[in-house]
Structures are given as structure tokens and as C-alpha cells.
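Structure first, then comments.
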Amino acid sequence: MTNPTRSGGPRVRFAPSPTGFLHVGGGRTALFNWLYARARKGTFILRIEDTDLQRSNEASVRTILEGLTWLGLDWDEGPFFQSRGVEEHRALARRLEAEGKAYPCFCAIEEIEARRRAAEAQGGAWRYDRTCLRLTAAEREERRGRGLTSALRFRVPEGVTAWDDRVHGPTSFDNGVIEDLVLLRSDGSPTYNLSCVADDVAMKVTDVIRGDDHISNTPKQILLYRALGHEPPSFAHLPLILGSDKKRLSKRHGAVSVTEYRDTGILPAAMRNFLALLGWSPGDGREVMTREELVAAFDIAAVNRKGAVFDEQKLEWLNSEYIQKLPGEALYDVAQPYLESAGLLGPELAAGGARRDWFLRVLETLKARSRRLTDFPRDAKPFLGEDYPIDPQAAAKYLTAEKSGGAKQVAARLRALAAAVAALRPFDEAASEAALRELATSKKEAAALYIHPMRVALLGTAVGPSAFAVLVLIGQKRAVERLNRIAGRLEAGEFTG
RNA sequence: GGCGCUAUCGUCUAGGGGUUAGGACAGAUGGUUCUCAGCCAUCAGACCGGGGUUCGAAUCCCCGUAGCGCUACCA
């Protein structure tokens with residue numbers, strides 16, 4: 001997948017661990033990396049960090065790739081699997097050991113954990129006390145002779161580690177607060193910080209763009225780069241995405257996976273746009289932006305330092321903006337899966353089908369009120385068959401309410417209306433509105449007394465598109481049947497109590 | 001506890017020594033209308049606190065405070 005024409009630009013990567021779905025925070029990190037790469041004619045690399053074999057699984061890899069693809073974030077290289085590089089990572093660690101920059105640690109995990117817990121219980125922090133750093137060669141041999149296994153720890157040097165974060169500016173850590181981190185576990189497997197640095201070096205990553213939660217890993221990694229003889233890349237740490245309680249967005253806040261938003265009717269363009277605006281803005285007030293506009297305007301230095309609350313209402317607003325822009329055919333295409341799974345689609349509605357044009361008009365009529373694509377199956381149902389629910393509240397308000405004269409009166413109006421509709425020639429919006437108003441006038445009644453019950457009879461709801469538009473879309477014959485049917489049910493005493 | 005990061009309307013943000021502190025979402029009111037949505041008009045709504053520097057601080061500095069993140073032989 002390597003694209004040689006892109007060589008020369010910055011190289012960035014998105015490196016998720018495949019332990020679940022693609023989180024919206026991950027999606028946003030991927031998006032910013034992608035935007036950065038595209039804006040600078042760089043290379044966007046996808047790397048799966050699956051070194052924790054226990055928690056990693058194939059299904060997660062699939063759902064992550066699926067999520068990225070859905071968001072429209074195409075990668076130039078990869079996906080690479082970190083686990084494939086284990087031997088190289090191990091070799092690097094051994095090299096550090098040979099150079100005296102890392103040392104074997106024979107301390108029992110249980111003992112270390114116990115001491116850590118004890119320190120925490122007293123409210124303090126505990127860092128590995130370098131017991132094994134002080135071991136002589138003879139002592140190491142003695143322990144190996146006893147069959148003790150050892151982890152390999154990085155010997156953190158003295159000093160201060162600083163970098164100029166692209167988002168946060170100058171940032172630094174006193175090395176004294178950094179523990180001698182484990183590079184190789186007792187079983188010889190490499191840990192995250194080692195693998196990450198090793199891979200970033202191997203993949204010639206020039207810019208690391210990741211979440212704020214990695215800030216404290218950064219000094220460790222910079223130290224590793226230097227120990228390995230490499231210049232560290234530039235770092236940019238993105239603010240976290242928060243829930244409404246300002247805590248890091250998690251499952252208890254509701255939907256957090258990218259595919260979940262897809263499944264609940266969000267358009268990828270809207271999601272991408274929304275995510276881009278979380279922690280960044282073009283600075284000129286624009287909000288609804290195409291992918292190309294985002295690429296052109298994106299500037300990593302303009303990214304905010306503050307965590308941003310994920311506001312679903314704003315996402316829905318953006319989604320609605322995108323839905324409104326979709327012309328008939330495109331609207332059908334995006335709504336299709338949702339209509340399909342609701343069992344509403346038949347061959348006559350598909351491209352080339354007999355009722356295709358009619359159905360496109362239905363969708364066009366519904367779209368003004370749609371905020372999510374899942375609104376379409378719900379709202380299209382009354383147009384596609386007689387099996388549509390009558391909302392009890394709508395019935396109470398417009399079919400049986402005393403102020404409309406009660407069920408019997410409403411039934412009489414519906415029957416009169418049905419007769420008028422049946423007689424209509426031609427049958428269109430203007431003619432039906434004229435007929436209805438004429439009917440109301442002849443009875444000295446308000447037109448609204450006919451219009452609202454008509455909508456409820458035709459759609460089952462009190463809200464929706466223009467009642468006359470609905471009437472025409474339902475069709476003359478079917479509309480007459482519905483008006484009479486609901487009148488009959490009213491006469492039979494339904495909808496009351 | 002330690003270390004780090006952060007702080008402008010409820011939310012996303014613009015601004016960055018002198019502004020009526022701007023916009024968007026959400027909210028409220030009125031108008032359009034057969035309802036809802038939309039659209040139009042309007043309203044309400046913020047610089048965490050305290051010290052400095054300065055003629056002047058939301059903006060620069062310091063100190064608090066609060067929130068969040070990290071604190072693994074997870075990634």
C-alpha cells in the first residue's frame with residue numbers, strides 16, 4: 001500500500017489496540033492524524049498494537065478497520081501488526097542491556113505489587129527501588145542458577161526530559177519521577193513503550209499525534225529514542241473527549257463506539273465534521289465543512305488544550321444539515337440500509353422499480369424533519385402499508401377531544417372529507433386543499449378541524465409533513481380508504497378511554 | 001499521595017493588553033403556517049478566585065482553587 005509519491009512529507013500513524021470497538025476518541029485521534037497527513041502530503045500509517053495477546057482479538061481489528069473506513073479515513077500503509085515485530089523489539093532491548101542502559105530485574109512480581117499496594121494504602125507513591133540495578137554480575141549469575149526469571153528494566157538516566165508539544169507547548173518531566181520501566185517481561189515479551197518506540201523508529205514516524213492520556217508516556221519514550229540513538233519525533237497530545245460530567249467519555253455515558261453512531265443513523269460526513277470540531281476550529285466561524293475543507297483548514301497548532309464534551313445534540317444538528325443536502329437518489333442510498341432492516345423495502349422501490357419515483361418523493365418530503373437516518377423507517381412506514389400505529393396522544397388530541405366535538409363528530413367529518421377526496425379531479429395538493437377548505441366553509445367550521453384529523457388518520461401522528469402533501473403521496477384511493485376506516489373505528493368507539 | 005495537564009455563555013468555540021467579549025448547538029419569546037421541523041426577528045447566557053506587571057488585564061506573570069489524566073511485567 002506504500003505510495004511513493006507521498007515520500008518526503010510527514011509520516012504519522014494511528015495505533016489502536018484491538019481490545020474492543022473503535023471508540024469515538026480513537027476516531028478523532030485517527031481523524032487528526034489523517035487530516036495532518038493529507039494537509040501536508042504526508043503518509044498516514046495504520047498500526048494495530050496487539051502486543052497484549054490476552055486482550056487482543058481479530059473481531060476488534062475488523063471493527064476498527066470498519067470504523068475507519070466508514071469515517072472515510074484511508075490509510076497509506078498498513079495495517080501493520082505490532083506483534084509481528086516482537087523479535088526486533090527484543091533485539092533492541094538486548095542491545096540496550098549490552099550497552100548498560102537496561103538491566104535484568106529478578107524481583108518477584110508479587111512482591112513488587114505488594115509493596116506498591118502497601119505504599120498506596122499509606123497514600124504515597126512507590127517506584128521501583130532499583131534493587132536489581134545494584135546486583136553484581138556474580139549475583140545475577142547466582143539468581144539465574146537458581147532458575148529465577150528476570151524482566152529487563154530500562155535504566156532511567158538523571159536529568160529532565162522536555163519536549164515542545166505541538167498542542168501544549170513546552171512540557172517537561174523530572175526524570176526522578178520516572179520509574180525504571182520494564183522493557184521485557186519475565187516471559188521475554190516486549191512492553192508497550194518499547195514496542196511503540198521501536199515501531200515508530202522502524203516506520204520512520206515523524207509526528208506522533210495521540211491522546212492526552214499518553215503525555216506521561218512521552219518522557220519515557222523520548223528517553224528510549226535517545227538510548228537507541230534516535231532523534232525523537234515531534235509530539236502533539238490531543239485533549240480528551242469528555243462525557244457530560246466532564247469525565248473521560250466512556251460507556252456509561254452512552255454510545256461511544258463509532259459503529260454505534262453509524263447504526264443509529266449518523267452520516268459519516270457528519271461524524272467526521274463533528275469530531276473535527278471537538279478540540280479544533282478553523283477560527284473563522286465555519287462549522288459545516290466538507291472533508292476537503294477540513295483538510296485545507298486543519299492546523300495542528302490550532303488544536304485546543306482543553307478536553308471537549310461530546311454533545312450529541314450538536315452532532316444531530318450537523319447530521320441534519322448533511323441530510324438536508326442529500327438529493328433524492330443519494331438520500332435513498334443512505335437511508336436504504338435502515339429501511340431495509342425495518343423490512344420496508346421491496347423491488348418496486350429500488351432503482352428501476354415501478355414506484356421508485358414516488359418513493360423518492362416520500363423521502364424528500366420526510367427529510368426536512370429528519371435528524372438521524374433512523375427517522376426514515378419510522379416516518380416512511382405509513383406510506384408503505386396499512387400497518388402503521390395510531391399514536392394515542394395524537395388520537396386523543398385530534399380524534400376524540402371534546403373541543404372538536406368528540407369522536408362521532410370527527411368521524412362524520414372524516415367521512416365527508418373522504419367523499420370529497422374521492423370526487424377530486426384532478427387529485428393534487430392545491431385541489432385537495434381547496435376542496436377541504438370549501439367543505440369546512442360549507443359547514444361553517446374551521447379548516448383545522450378537518451386537517452388535523454386527516455393527518456392523524458393518514459399517518460397515525462399529530463406531527464409530520466403538510467397534510468395535503470401526505471394525502472397526495474398516500475394516493476387518492478388509499479387515502480379515501482384510510483379516512484373511512486378511521487371514521488369507522490371512531491364510530492365503533494375505539495380510541496376512547 | 002506524587003507527577004502532569006487544563007480553566008471564556010449549559011455545551012462546542014472565536015478573541016489574546018484598550019472589543020457593547022463574537023459565532024454555533026441547546027434554551028426562551030414573537031412572526032410565517034394545518035401540526036411538527038424549518039425559516040425570519042428578538043431575548044437570555046461566560047472570561048474560576050486572589051495577588052502582581054501596566055495608564056489599562058479575560059488576555060502577561062505568580063499563588064491558590066477546581067477538574068481531568070497518568071501513576072502496571074495494560075496499551
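Chains: A, B, ... in order of the C-alpha cells. Residues: from 1 per chain. Ligands: from 1, in order shown.
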Just list as a list in words whatever in region 205-273 of chain A DSSP marks as strand (DSSP E or B).
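Matching residues for strand (DSSP E or B) in region 205-273 of chain A are Asp207, Val208, Ile209, Arg210, Gly211, Ser234, Phe235, Ala236, His237, Leu238, Ile241, Leu242, Arg248 and Ser257 of chain A.
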Restricted to C-alpha atoms, what would the selected residues look like written as an mmCIF file, in the first residue's frame?
data_model
loop_
_atom_site.group_PDB
_atom_site.id
_atom_site.type_symbol
_atom_site.label_atom_id
_atom_site.label_comp_id
_atom_site.auth_asym_id
_atom_site.auth_seq_id
_atom_site.Cartn_x
_atom_site.Cartn_y
_atom_site.Cartn_z
ATOM 1 C CA ASP A 207 4.987 13.168 14.110
ATOM 2 C CA VAL A 208 3.208 11.418 16.939
ATOM 3 C CA ILE A 209 -0.342 12.681 17.369
ATOM 4 C CA ARG A 210 -2.236 10.926 20.143
ATOM 5 C CA GLY A 211 -4.432 11.456 23.158
ATOM 6 C CA SER A 234 7.579 15.701 17.323
ATOM 7 C CA PHE A 235 4.699 15.100 19.692
ATOM 8 C CA ALA A 236 1.186 16.500 19.758
ATOM 9 C CA HIS A 237 -1.199 15.499 22.511
ATOM 10 C CA LEU A 238 -4.868 15.899 21.814
ATOM 11 C CA ILE A 241 -13.200 13.722 24.695
ATOM 12 C CA LEU A 242 -15.386 14.065 27.756
ATOM 13 C CA ARG A 248 -13.374 10.925 30.077
ATOM 14 C CA SER A 257 -18.267 3.420 19.511
#
Contact check, chain B to chain A, at most 9 Å, counting only C-alpha atoms (C1' of nucleotides), closest pairs as a tab-separated table:
residue	atom	partner	partner_atom	distance
B:G1	C1'	A:Gly124	CA	4.3
B:G2	C1'	A:Ala125	CA	5.9
B:C3	C1'	A:Val177	CA	6.8
B:G4	C1'	A:Ser216	CA	6.9
B:C5	C1'	A:Asp212	CA	8.0
B:U6	C1'	A:Lys306	CA	5.7
B:A7	C1'	A:Lys306	CA	8.0
B:U11	C1'	A:Asp311	CA	6.4
B:C12	C1'	A:Leu278	CA	6.9
B:U13	C1'	A:Ser281	CA	7.1
B:A14	C1'	A:Gly283	CA	6.2
B:G23	C1'	A:Gly285	CA	6.0
B:A24	C1'	A:Glu287	CA	7.4
B:C25	C1'	A:Lys314	CA	5.0
B:A26	C1'	A:Gln313	CA	7.3
B:C34	C1'	A:Ile451	CA	5.5
B:U35	C1'	A:Val463	CA	5.0
B:C36	C1'	A:Val463	CA	4.6
B:A37	C1'	A:Arg369	CA	4.7
B:G38	C1'	A:Ala368	CA	7.1
B:G67	C1'	A:Lys246	CA	7.8
B:C68	C1'	A:Lys247	CA	6.7
B:G69	C1'	A:Asp213	CA	5.6
B:C70	C1'	A:Ser216	CA	5.8
B:U71	C1'	A:Ala125	CA	7.6
B:A72	C1'	A:Glu113	CA	8.9
B:C73	C1'	A:Arg185	CA	4.5
B:C74	C1'	A:Asp52	CA	7.4
B:A75	C1'	A:Tyr192	CA	6.2
Residues within 12 Å of A44 (chain B), please, as a ChimeraX atom specification. Count only C-alpha atoms (C1' of nucleotides); anything in the same chain fewer than 3 positions from it doesn't count.
/B:9,27-29
Surrounding residues of C60 (chain B) excluding itself and chain neighbours under 6 positions, 12 Å, only C-alpha atoms (C1' of nucleotides), as a PDB file with N, CA and C atoms (P, O5', C5', C4', C3', O3' and C1' of nucleotides), in the first residue's frame:
ATOM      1  P     G B  16      -6.007  37.382  18.947  1.00  0.00           P
ATOM      2  O5'   G B  16      -5.359  38.576  19.775  1.00  0.00           O
ATOM      3  C5'   G B  16      -6.116  39.423  20.619  1.00  0.00           C
ATOM      4  C4'   G B  16      -5.642  39.187  22.031  1.00  0.00           C
ATOM      5  C3'   G B  16      -4.143  38.936  22.100  1.00  0.00           C
ATOM      6  O3'   G B  16      -3.558  39.872  22.969  1.00  0.00           O
ATOM      7  C1'   G B  16      -5.402  37.216  23.217  1.00  0.00           C
ATOM      8  P     G B  17      -2.018  40.254  22.905  1.00  0.00           P
ATOM      9  O5'   G B  17      -1.948  41.238  24.143  1.00  0.00           O
ATOM     10  C5'   G B  17      -2.284  42.566  23.966  1.00  0.00           C
ATOM     11  C4'   G B  17      -3.458  42.865  24.854  1.00  0.00           C
ATOM     12  C3'   G B  17      -4.076  44.210  24.557  1.00  0.00           C
ATOM     13  O3'   G B  17      -5.443  44.187  24.875  1.00  0.00           O
ATOM     14  C1'   G B  17      -3.094  44.232  26.711  1.00  0.00           C
ATOM     15  P     G B  52      -1.765  43.743  44.370  1.00  0.00           P
ATOM     16  O5'   G B  52      -0.974  43.547  42.999  1.00  0.00           O
ATOM     17  C5'   G B  52       0.286  44.093  42.902  1.00  0.00           C
ATOM     18  C4'   G B  52       1.292  43.062  42.400  1.00  0.00           C
ATOM     19  C3'   G B  52       1.928  43.511  41.103  1.00  0.00           C
ATOM     20  O3'   G B  52       3.047  44.340  41.379  1.00  0.00           O
ATOM     21  C1'   G B  52       1.116  41.301  40.838  1.00  0.00           C
ATOM     22  P     U B  53       2.906  45.879  40.923  1.00  0.00           P
ATOM     23  O5'   U B  53       3.344  45.735  39.397  1.00  0.00           O
ATOM     24  C5'   U B  53       4.556  45.043  39.077  1.00  0.00           C
ATOM     25  C4'   U B  53       4.604  44.786  37.604  1.00  0.00           C
ATOM     26  C3'   U B  53       4.083  45.934  36.759  1.00  0.00           C
ATOM     27  O3'   U B  53       5.083  46.938  36.581  1.00  0.00           O
ATOM     28  C1'   U B  53       3.138  43.904  36.000  1.00  0.00           C
ATOM     29  P     U B  54       4.674  48.454  36.938  1.00  0.00           P
ATOM     30  O5'   U B  54       3.676  48.814  35.754  1.00  0.00           O
ATOM     31  C5'   U B  54       4.108  48.696  34.400  1.00  0.00           C
ATOM     32  C4'   U B  54       2.921  48.813  33.487  1.00  0.00           C
ATOM     33  C3'   U B  54       2.002  49.993  33.762  1.00  0.00           C
ATOM     34  O3'   U B  54       2.517  51.188  33.197  1.00  0.00           O
ATOM     35  C1'   U B  54       0.697  48.041  33.442  1.00  0.00           C
TER      36        U B  54
END
For CA of Gln409 (chain A) and CA of Val480 (chain A), quote the distance in Å rounded to one decimal.
17.7 Å
Mind pulling up the distance from CA of Leu424 (chain A) to CA of Ala394 (chain A)?
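One can read the CA of Ala394 (chain A) to CA of Leu424 (chain A) distance as 27.0 Å.
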Running DSSP on the backbone, which parts of region 151-253 of chain A land in helix (DSSP H, G or I), as an mmCIF file with N, CA and C atoms, in the first residue's frame?
data_model
loop_
_atom_site.group_PDB
_atom_site.id
_atom_site.type_symbol
_atom_site.label_atom_id
_atom_site.label_comp_id
_atom_site.auth_asym_id
_atom_site.auth_seq_id
_atom_site.Cartn_x
_atom_site.Cartn_y
_atom_site.Cartn_z
ATOM 1 N N ASN A 175 13.226 13.452 35.467
ATOM 2 C CA ASN A 175 13.420 12.004 35.331
ATOM 3 C C ASN A 175 13.311 11.275 36.664
ATOM 4 N N GLY A 176 13.528 12.007 37.723
ATOM 5 C CA GLY A 176 13.454 11.396 39.042
ATOM 6 C C GLY A 176 12.084 10.808 39.363
ATOM 7 N N VAL A 177 11.054 11.286 38.675
ATOM 8 C CA VAL A 177 9.727 10.743 38.962
ATOM 9 C C VAL A 177 9.384 9.576 38.043
ATOM 10 N N TYR A 192 4.681 -2.157 25.959
ATOM 11 C CA TYR A 192 4.176 -1.097 25.088
ATOM 12 C C TYR A 192 5.195 -0.026 24.728
ATOM 13 N N ASN A 193 5.806 0.582 25.741
ATOM 14 C CA ASN A 193 6.700 1.706 25.446
ATOM 15 C C ASN A 193 7.862 1.319 24.530
ATOM 16 N N LEU A 194 8.374 0.131 24.737
ATOM 17 C CA LEU A 194 9.465 -0.343 23.877
ATOM 18 C C LEU A 194 8.958 -0.577 22.452
ATOM 19 N N SER A 195 7.874 -1.332 22.348
ATOM 20 C CA SER A 195 7.346 -1.673 21.025
ATOM 21 C C SER A 195 6.945 -0.430 20.253
ATOM 22 N N CYS A 196 6.334 0.485 20.982
ATOM 23 C CA CYS A 196 5.862 1.710 20.350
ATOM 24 C C CYS A 196 7.030 2.489 19.756
ATOM 25 N N VAL A 197 8.060 2.675 20.550
ATOM 26 C CA VAL A 197 9.228 3.417 20.072
ATOM 27 C C VAL A 197 9.921 2.646 18.946
ATOM 28 N N ALA A 198 10.074 1.343 19.154
ATOM 29 C CA ALA A 198 10.749 0.535 18.136
ATOM 30 C C ALA A 198 10.016 0.626 16.801
ATOM 31 N N ASP A 199 8.693 0.516 16.853
ATOM 32 C CA ASP A 199 7.919 0.580 15.615
ATOM 33 C C ASP A 199 7.934 1.974 14.998
ATOM 34 N N ASP A 200 7.831 2.977 15.844
ATOM 35 C CA ASP A 200 7.834 4.336 15.295
ATOM 36 C C ASP A 200 9.171 4.621 14.618
ATOM 37 N N VAL A 201 10.229 4.084 15.187
ATOM 38 C CA VAL A 201 11.544 4.253 14.566
ATOM 39 C C VAL A 201 11.572 3.481 13.247
ATOM 40 N N ALA A 202 11.129 2.228 13.310
ATOM 41 C CA ALA A 202 11.163 1.380 12.111
ATOM 42 C C ALA A 202 10.297 1.955 10.995
ATOM 43 N N ASP A 212 -4.160 12.876 25.055
ATOM 44 C CA ASP A 212 -3.534 13.435 26.249
ATOM 45 C C ASP A 212 -3.141 12.381 27.282
ATOM 46 N N ASP A 213 -3.852 11.271 27.240
ATOM 47 C CA ASP A 213 -3.570 10.236 28.235
ATOM 48 C C ASP A 213 -2.192 9.625 28.028
ATOM 49 N N HIS A 214 -1.536 9.998 26.951
ATOM 50 C CA HIS A 214 -0.183 9.476 26.712
ATOM 51 C C HIS A 214 0.913 10.446 27.131
ATOM 52 N N ILE A 215 0.534 11.588 27.635
ATOM 53 C CA ILE A 215 1.550 12.584 27.991
ATOM 54 C C ILE A 215 2.614 12.007 28.913
ATOM 55 N N SER A 216 2.169 11.258 29.912
ATOM 56 C CA SER A 216 3.189 10.757 30.849
ATOM 57 C C SER A 216 4.017 9.608 30.278
ATOM 58 N N ASN A 217 3.615 9.070 29.143
ATOM 59 C CA ASN A 217 4.462 8.066 28.487
ATOM 60 C C ASN A 217 5.554 8.732 27.657
ATOM 61 N N THR A 218 5.286 9.950 27.277
ATOM 62 C CA THR A 218 6.184 10.633 26.353
ATOM 63 C C THR A 218 7.622 10.784 26.857
ATOM 64 N N PRO A 219 7.841 11.214 28.095
ATOM 65 C CA PRO A 219 9.244 11.300 28.529
ATOM 66 C C PRO A 219 9.934 9.938 28.515
ATOM 67 N N LYS A 220 9.211 8.896 28.856
ATOM 68 C CA LYS A 220 9.811 7.561 28.831
ATOM 69 C C LYS A 220 10.229 7.209 27.411
ATOM 70 N N GLN A 221 9.353 7.544 26.480
ATOM 71 C CA GLN A 221 9.644 7.186 25.096
ATOM 72 C C GLN A 221 10.778 8.028 24.526
ATOM 73 N N ILE A 222 10.807 9.301 24.909
ATOM 74 C CA ILE A 222 11.896 10.156 24.437
ATOM 75 C C ILE A 222 13.235 9.605 24.931
ATOM 76 N N LEU A 223 13.235 9.189 26.181
ATOM 77 C CA LEU A 223 14.453 8.600 26.757
ATOM 78 C C LEU A 223 14.863 7.342 25.987
ATOM 79 N N LEU A 224 13.882 6.564 25.595
ATOM 80 C CA LEU A 224 14.183 5.357 24.827
ATOM 81 C C LEU A 224 14.739 5.686 23.450
ATOM 82 N N TYR A 225 14.135 6.672 22.797
ATOM 83 C CA TYR A 225 14.654 7.084 21.485
ATOM 84 C C TYR A 225 16.135 7.420 21.620
ATOM 85 N N ARG A 226 16.437 8.227 22.608
ATOM 86 C CA ARG A 226 17.835 8.667 22.776
ATOM 87 C C ARG A 226 18.743 7.504 23.094
ATOM 88 N N ALA A 227 18.273 6.621 23.975
ATOM 89 C CA ALA A 227 19.099 5.471 24.343
ATOM 90 C C ALA A 227 19.384 4.621 23.107
ATOM 91 N N LYS A 251 -18.385 4.197 28.311
ATOM 92 C CA LYS A 251 -19.651 3.516 28.028
ATOM 93 C C LYS A 251 -20.816 3.992 28.882
ATOM 94 N N ARG A 252 -20.502 4.373 30.112
ATOM 95 C CA ARG A 252 -21.640 4.756 30.950
ATOM 96 C C ARG A 252 -22.259 6.089 30.517
ATOM 97 N N HIS A 253 -21.604 6.775 29.598
ATOM 98 C CA HIS A 253 -22.191 8.000 29.073
ATOM 99 C C HIS A 253 -23.137 7.728 27.911
#
Neighbour list for Ile64 (chain A) as a ChimeraX atom specification, cut-off 12 Å, only C-alpha atoms (C1' of nucleotides), skip fewer than 4 positions in-chain:
/A:14-24,26-27,30,46-49,57-60,68-71,73,79,257-259
Excluding Ile323 (chain A) and its own-chain neighbours fewer than 6 positions away, which residues fall within 12 Å of it when counting only C-alpha atoms (C1' of nucleotides)? Please give them as a ChimeraX atom specification.
/A:265-270,316-317,330-335,363-364,366-376
Could you please take those selected residues and save C-alpha atoms as an mmCIF file, in the first residue's frame?
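Ended up saving to selection-v1.cif:
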data_model
loop_
_atom_site.group_PDB
_atom_site.id
_atom_site.type_symbol
_atom_site.label_atom_id
_atom_site.label_comp_id
_atom_site.auth_asym_id
_atom_site.auth_seq_id
_atom_site.Cartn_x
_atom_site.Cartn_y
_atom_site.Cartn_z
ATOM 1 C CA GLY A 265 -28.361 6.886 11.771
ATOM 2 C CA ILE A 266 -25.431 9.268 11.779
ATOM 3 C CA LEU A 267 -23.840 10.062 8.418
ATOM 4 C CA PRO A 268 -20.074 9.555 8.234
ATOM 5 C CA ALA A 269 -19.590 13.073 6.911
ATOM 6 C CA ALA A 270 -21.448 14.478 9.904
ATOM 7 C CA GLU A 316 -27.578 15.542 15.437
ATOM 8 C CA TRP A 317 -27.850 19.098 14.247
ATOM 9 C CA ALA A 330 -28.435 9.880 -2.646
ATOM 10 C CA LEU A 331 -30.964 10.086 0.135
ATOM 11 C CA TYR A 332 -32.333 6.700 -0.840
ATOM 12 C CA ASP A 333 -28.851 5.252 -0.855
ATOM 13 C CA VAL A 334 -28.012 6.359 2.665
ATOM 14 C CA ALA A 335 -31.445 5.517 4.090
ATOM 15 C CA LEU A 363 -38.204 10.524 1.255
ATOM 16 C CA GLU A 364 -37.801 14.074 0.017
ATOM 17 C CA LEU A 366 -39.702 13.401 5.105
ATOM 18 C CA LYS A 367 -36.193 14.690 5.105
ATOM 19 C CA ALA A 368 -36.866 18.183 6.438
ATOM 20 C CA ARG A 369 -37.764 16.699 9.804
ATOM 21 C CA SER A 370 -35.032 14.105 9.929
ATOM 22 C CA ARG A 371 -32.129 14.383 12.269
ATOM 23 C CA ARG A 372 -30.981 10.788 12.040
ATOM 24 C CA LEU A 373 -31.338 8.269 9.245
ATOM 25 C CA THR A 374 -33.246 6.045 11.627
ATOM 26 C CA ASP A 375 -36.073 8.571 11.398
ATOM 27 C CA PHE A 376 -36.792 7.393 7.861
#
